Amino acid sequence: MNNELPVQVSDTTMFNSTTTACYINCISFATSKLDELDKTIRVGAVSYLNTKPLVYAFKHGLKLEGVEITEEYPAKLAQMLLNDEVDVGLVPVAIIPKLKEHYIITDYCIGAEREVVSVCLFSEVPLEKIEKVILDYQSRTSVALARVLIENFWKLPVVFEEAKVNFRDEIKGTTAAVVIGDRAFEQRKISAHSYDLAEAWIAFTGLPFVFAAWVANKKLPEDFITAFNEANKKGLLKIDAVVAENVSPHYDLKTYYTDNISYQLTEEKRKGLEKFLSFLK
């Protein structure tokens, strides 16, 4: 005979102690699942050709437990990092001064030690005849770099204008535009004049340039950072495979990945980054 007395919760609902224990276990399980969700590291990557080696390992089966990856264009990704919609992202470095706290978490970046070919000022007239510059909306760093060079290196008295859709059609007469990414390869074959922004920066400062780095807006676990850094390295050892699965009809990708983009975040690049950020204060 069961002598266990029921526990009255309300006028209409009765739970015995066994049911109550089950209920508590369910709550504990749900709480633990919420804790697991809180530990998910949200990673933002850029869907440009120059990032393909850094994310290659993730695209080919490498799984880091508790990691969620999202792809966006650079400026959008930067805003997501600001809004805490991602925990770490391969973001334009111009976003760094706007973050409450920041941590560069890997030994790799999107950098250049010579002409980069994918970030240029394009025009139909020589540099000194440019009157207006349209700024590509897709990258904060390239826009900021263009402003720094125009105002401090080339010293051009130009008007700046935010880019609209199809802004490349407006590159004519004395109107120039900063074009970045894969579209810059094509524009090199169209415009009469192109001025490589990385090459100009190096001439201006004597330092290499960092366009983007893996930046976190909070401290992340050391084991994640180590594994993530190793994943970047694995991709850079597979350049031939990256080239084989990507297409660029306007520029040789092997040259781009090995000569134009410099992926190691060296001490010289860190100095270049500090110099660049000093112009943004």
# chains A, B, ... in the order shown; residues from 1 in each chain; ligands from 1

$ residues_around --residues "Lys281 in chain A" --least-positions-apart "2" --cutoff "12 Å" --atoms "only C-alpha atoms" --output "PyMOL selection string"
chain A and resi 94-98+144+148+274-279

$ select_by_dssp --residues "range 36-81 of chain A" --states "strand (DSSP E or B)" --output "ChimeraX atom specification"
/A:41-46,67-72

$ select_by_dssp --residues "range 63-205 of chain A" --states "helix (DSSP H, G or I)" --output "count of residues only"
51

$ residues_around --residues "Ser248 in chain A" --least-positions-apart "4" --cutoff "9 Å" --atoms "only C-alpha atoms" --output "MDAnalysis selection string"
chainID A and resid 49 182 185 252:253

$ closest_residue --among "A:Val46, A:Val243, A:Ile104, A:Leu54" --to "Thr255 in chain A" --atoms "only C-alpha atoms"
A:Val243

$ residues_around --residues "Ile105 in chain A" --least-positions-apart "2" --cutoff "8 Å" --atoms "only C-alpha atoms" --output "PyMOL selection string"
chain A and resi 103+107+214-216+225+229

$ write_last_selection --atoms "N, CA and C atoms" --output "mmCIF file, in the first residue's frame"
data_model
loop_
_atom_site.group_PDB
_atom_site.id
_atom_site.type_symbol
_atom_site.label_atom_id
_atom_site.label_comp_id
_atom_site.auth_asym_id
_atom_site.auth_seq_id
_atom_site.Cartn_x
_atom_site.Cartn_y
_atom_site.Cartn_z
ATOM 1 N N TYR A 103 40.639 42.106 -28.780
ATOM 2 C CA TYR A 103 41.739 41.159 -28.658
ATOM 3 C C TYR A 103 42.000 40.571 -30.043
ATOM 4 N N ASP A 107 47.728 34.583 -35.250
ATOM 5 C CA ASP A 107 48.977 35.045 -35.862
ATOM 6 C C ASP A 107 48.787 35.369 -37.338
ATOM 7 N N TRP A 214 41.684 38.833 -37.146
ATOM 8 C CA TRP A 214 40.704 38.129 -36.313
ATOM 9 C C TRP A 214 40.630 38.860 -34.976
ATOM 10 N N VAL A 215 39.588 39.648 -34.796
ATOM 11 C CA VAL A 215 39.443 40.486 -33.602
ATOM 12 C C VAL A 215 38.252 40.003 -32.780
ATOM 13 N N ALA A 216 38.473 39.821 -31.477
ATOM 14 C CA ALA A 216 37.405 39.439 -30.560
ATOM 15 C C ALA A 216 36.993 40.651 -29.725
ATOM 16 N N ILE A 225 41.451 29.571 -28.881
ATOM 17 C CA ILE A 225 42.392 30.411 -29.632
ATOM 18 C C ILE A 225 43.485 29.557 -30.267
ATOM 19 N N ASN A 229 43.806 29.185 -34.274
ATOM 20 C CA ASN A 229 45.054 29.602 -34.906
ATOM 21 C C ASN A 229 45.607 28.478 -35.778
#

$ closest_residue --among "A:Glu72, A:Ile130, A:Lys52, A:Phe160" --to "Val247 in chain A" --atoms "only C-alpha atoms"
A:Lys52
